[in-house]
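*Asks:* Before I ask anything, let me first share the structure, which is written out below as structure tokens.
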Amino acid sequence: MSHDKLFLALMGAYSSHADASRIEFINLGLTEAQPKILYILKRADGIIQKDLAELCNIRPSTLTVMLSKMEKQNYIYKDPCYVSGKKRAYSIHLTEEGQEKAEQLENIVESLENKGFMGFTTKEKQNLLDMLGRIEKNMRKA
């Protein structure tokens with residue numbers, strides 16, 4: 001589908017991707033926000049809770065609620081630690097069950113990537129990702 005406005009192009013791509021991923025994530029038993037957390041933790045296990053909130057682009061208080069649920073589901077555990085200035089914090093780690101969910105999630109993400117970029121060359125794919133990154137950076141400045 002061709003669009004003449006960024007708004008329509010982004011909304012169309014986002015909604016079709018969100019619809020496809022939502023079905024897969026529900027089948028995994030994940031809530032809407034959990035995939036992003038699991039995906040990040042798979043790459044940065046032991047990340048400080050405050051830093052995780054920043055990467056997820058959500059308020060720390062919101063993340064606290066989400067992590068509590070994920071702890072009850074046995075996906076993560078919190079490890080008390082100290083950061084600069086001897087402030088108490090928590091590092092967040094995947095449990096074995098969380099690691100398995102993260103692996104399943106990664107397979108879904110890879111499958112969705114392949115579907116979304118079908119017919120794209122490697123250069124086209126990288127150009128699009130670069131341009132979307134620039135758009136995000138521009139919009140965050142506004």
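Residues in the structure tokens are numbered from 1 in each chain, the chains being A, B, ... in the order shown, and ligands are numbered from 1 in the order shown.
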Compile the contact shell of stretch 55-66 of chain A as a list in words: residues with an atom at most 9 Å away, counting only C-alpha atoms, same-chain residues fewer than 6 positions apart removed.
*Replies:* Ala33, Gln34, Lys36, Ile37, Ile40 and Gln49 of chain A
*Asks:* Please produce a file of those selected residues containing N, CA, C and O atoms, as a PDB file, in the first residue's frame.
*Replies:*
ATOM      1  N   ALA A  33       2.951  -5.739  27.148  1.00  0.00           N
ATOM      2  CA  ALA A  33       4.221  -5.084  27.470  1.00  0.00           C
ATOM      3  C   ALA A  33       5.363  -6.066  27.743  1.00  0.00           C
ATOM      4  O   ALA A  33       6.525  -5.696  27.667  1.00  0.00           O
ATOM      5  N   GLN A  34       5.052  -7.302  28.065  1.00  0.00           N
ATOM      6  CA  GLN A  34       6.085  -8.251  28.457  1.00  0.00           C
ATOM      7  C   GLN A  34       7.093  -8.590  27.354  1.00  0.00           C
ATOM      8  O   GLN A  34       8.271  -8.788  27.669  1.00  0.00           O
ATOM      9  N   LYS A  36       8.645  -6.792  25.134  1.00  0.00           N
ATOM     10  CA  LYS A  36       9.741  -5.820  25.086  1.00  0.00           C
ATOM     11  C   LYS A  36      10.712  -6.045  26.248  1.00  0.00           C
ATOM     12  O   LYS A  36      11.931  -6.031  26.072  1.00  0.00           O
ATOM     13  N   ILE A  37      10.170  -6.298  27.435  1.00  0.00           N
ATOM     14  CA  ILE A  37      11.005  -6.524  28.618  1.00  0.00           C
ATOM     15  C   ILE A  37      11.820  -7.799  28.453  1.00  0.00           C
ATOM     16  O   ILE A  37      13.032  -7.808  28.687  1.00  0.00           O
ATOM     17  N   ILE A  40      14.632  -7.341  25.844  1.00  0.00           N
ATOM     18  CA  ILE A  40      15.763  -6.560  26.365  1.00  0.00           C
ATOM     19  C   ILE A  40      16.571  -7.394  27.357  1.00  0.00           C
ATOM     20  O   ILE A  40      17.802  -7.418  27.306  1.00  0.00           O
ATOM     21  N   GLN A  49      17.022  -1.874  37.182  1.00  0.00           N
ATOM     22  CA  GLN A  49      15.607  -1.620  36.915  1.00  0.00           C
ATOM     23  C   GLN A  49      15.378  -0.230  36.315  1.00  0.00           C
ATOM     24  O   GLN A  49      14.610  -0.085  35.365  1.00  0.00           O
TER      25      GLN A  49
END
*Asks:* Write out as a compact mmCIF listing (two decimals) with N, CA, C and O atoms, in the first residue's frame which residues come within 12 Å of stretch 129-135 of chain A when counting only C-alpha atoms, dropping same-chain ones fewer than 2 positions away.
*Replies:*
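And here is the file that came out, result_8.txt:
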# COMPACT_ATOMS: atom_id res chain seq x y z
N LEU A 6 3.67 10.53 6.10
CA LEU A 6 4.38 9.72 7.07
C LEU A 6 3.40 9.12 8.09
O LEU A 6 3.49 7.94 8.43
N PHE A 7 2.48 9.94 8.55
CA PHE A 7 1.49 9.50 9.53
C PHE A 7 0.79 8.23 9.07
O PHE A 7 0.71 7.24 9.81
N ALA A 9 1.65 6.12 6.62
CA ALA A 9 2.58 5.02 6.38
C ALA A 9 2.97 4.34 7.69
O ALA A 9 2.96 3.11 7.80
N LEU A 10 3.30 5.15 8.70
CA LEU A 10 3.69 4.58 10.00
C LEU A 10 2.52 3.88 10.67
O LEU A 10 2.69 2.79 11.24
N ALA A 13 1.85 0.50 8.81
CA ALA A 13 2.88 -0.49 9.11
C ALA A 13 2.79 -0.94 10.57
O ALA A 13 2.86 -2.14 10.87
N GLU A 113 10.08 -10.36 11.44
CA GLU A 113 11.07 -9.58 10.68
C GLU A 113 11.15 -10.10 9.24
O GLU A 113 11.13 -9.32 8.29
N PHE A 117 10.05 -7.88 5.99
CA PHE A 117 11.08 -7.46 5.04
C PHE A 117 11.14 -8.34 3.80
O PHE A 117 12.11 -8.27 3.04
N PHE A 120 12.76 -7.28 0.32
CA PHE A 120 13.71 -6.19 0.53
C PHE A 120 15.13 -6.72 0.37
O PHE A 120 15.43 -7.83 0.79
N THR A 122 19.16 -6.40 1.48
CA THR A 122 19.80 -6.08 2.77
C THR A 122 20.01 -4.58 2.90
O THR A 122 19.78 -4.00 3.95
N LYS A 123 20.40 -3.95 1.80
CA LYS A 123 20.63 -2.50 1.81
C LYS A 123 19.33 -1.73 2.04
O LYS A 123 19.29 -0.77 2.82
N GLU A 124 18.25 -2.15 1.40
CA GLU A 124 16.95 -1.50 1.59
C GLU A 124 16.48 -1.63 3.04
O GLU A 124 15.98 -0.67 3.63
N LYS A 125 16.65 -2.81 3.59
CA LYS A 125 16.27 -3.05 4.98
C LYS A 125 17.04 -2.10 5.90
O LYS A 125 16.45 -1.44 6.76
N GLN A 126 18.36 -2.04 5.73
CA GLN A 126 19.18 -1.18 6.59
C GLN A 126 18.84 0.29 6.39
O GLN A 126 18.77 1.06 7.35
N ASN A 127 18.59 0.70 5.15
CA ASN A 127 18.20 2.09 4.89
C ASN A 127 16.90 2.45 5.61
O ASN A 127 16.79 3.52 6.20
N LYS A 137 14.41 10.02 16.28
CA LYS A 137 15.28 11.04 16.91
C LYS A 137 14.71 12.45 16.69
O LYS A 137 14.64 13.25 17.62
N ASN A 138 14.26 12.73 15.47
CA ASN A 138 13.67 14.04 15.17
C ASN A 138 12.43 14.30 16.02
O ASN A 138 12.22 15.40 16.53
N MET A 139 11.58 13.29 16.13
CA MET A 139 10.32 13.46 16.86
C MET A 139 10.57 13.63 18.35
O MET A 139 9.84 14.35 19.03
N ARG A 140 11.56 12.97 18.89
CA ARG A 140 11.87 13.09 20.32
C ARG A 140 12.43 14.47 20.65
O ARG A 140 12.31 14.93 21.77
N LYS A 141 13.04 15.13 19.66
CA LYS A 141 13.55 16.48 19.87
C LYS A 141 12.41 17.50 19.96
O LYS A 141 12.53 18.51 20.60
N ALA A 142 11.31 17.22 19.25
CA ALA A 142 10.22 18.18 19.14
C ALA A 142 9.55 18.45 20.46
O ALA A 142 9.46 17.67 21.33
*Asks:* Determine which residues of chain A DSSP labels as helix (DSSP H, G or I) from the backbone of this structure, then write them out as a PyMOL selection string.
*Replies:* chain A and resi 6-27+34-43+49-56+60-72+84-86+96-116+122-141
*Asks:* Rounded to one decimal in Å, what is the spacing between atom CA of A:His17 and atom CA of A:Asn107?
*Replies:*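 About the pair atom CA of A:His17 and atom CA of A:Asn107: they are 15.3 Å apart.
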*Asks:* Pick out the closest residue to A:Ser16 from this set: A:Ala89, A:Ala102, A:Cys81, A:Leu112. Count only C-alpha atoms.
*Replies:*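 Ranking A:Ala89, A:Ala102, A:Cys81, A:Leu112 by distance to A:Ser16, first place goes to A:Leu112.
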*Asks:* Which residues, written as a ChimeraX atom specification, have at least one atom at most 12 Å from A:Ile108, with only C-alpha atoms counted and residues fewer than 6 positions away on the same chain left out?
*Replies:* /A:17,20-28,35,39,101-102,114-115
*Asks:* Please compute the atom CA of A:Leu52-atom CA of A:Leu38 distance, one decimal, in Å.
*Replies:*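 A separation of 10.6 Å between them.
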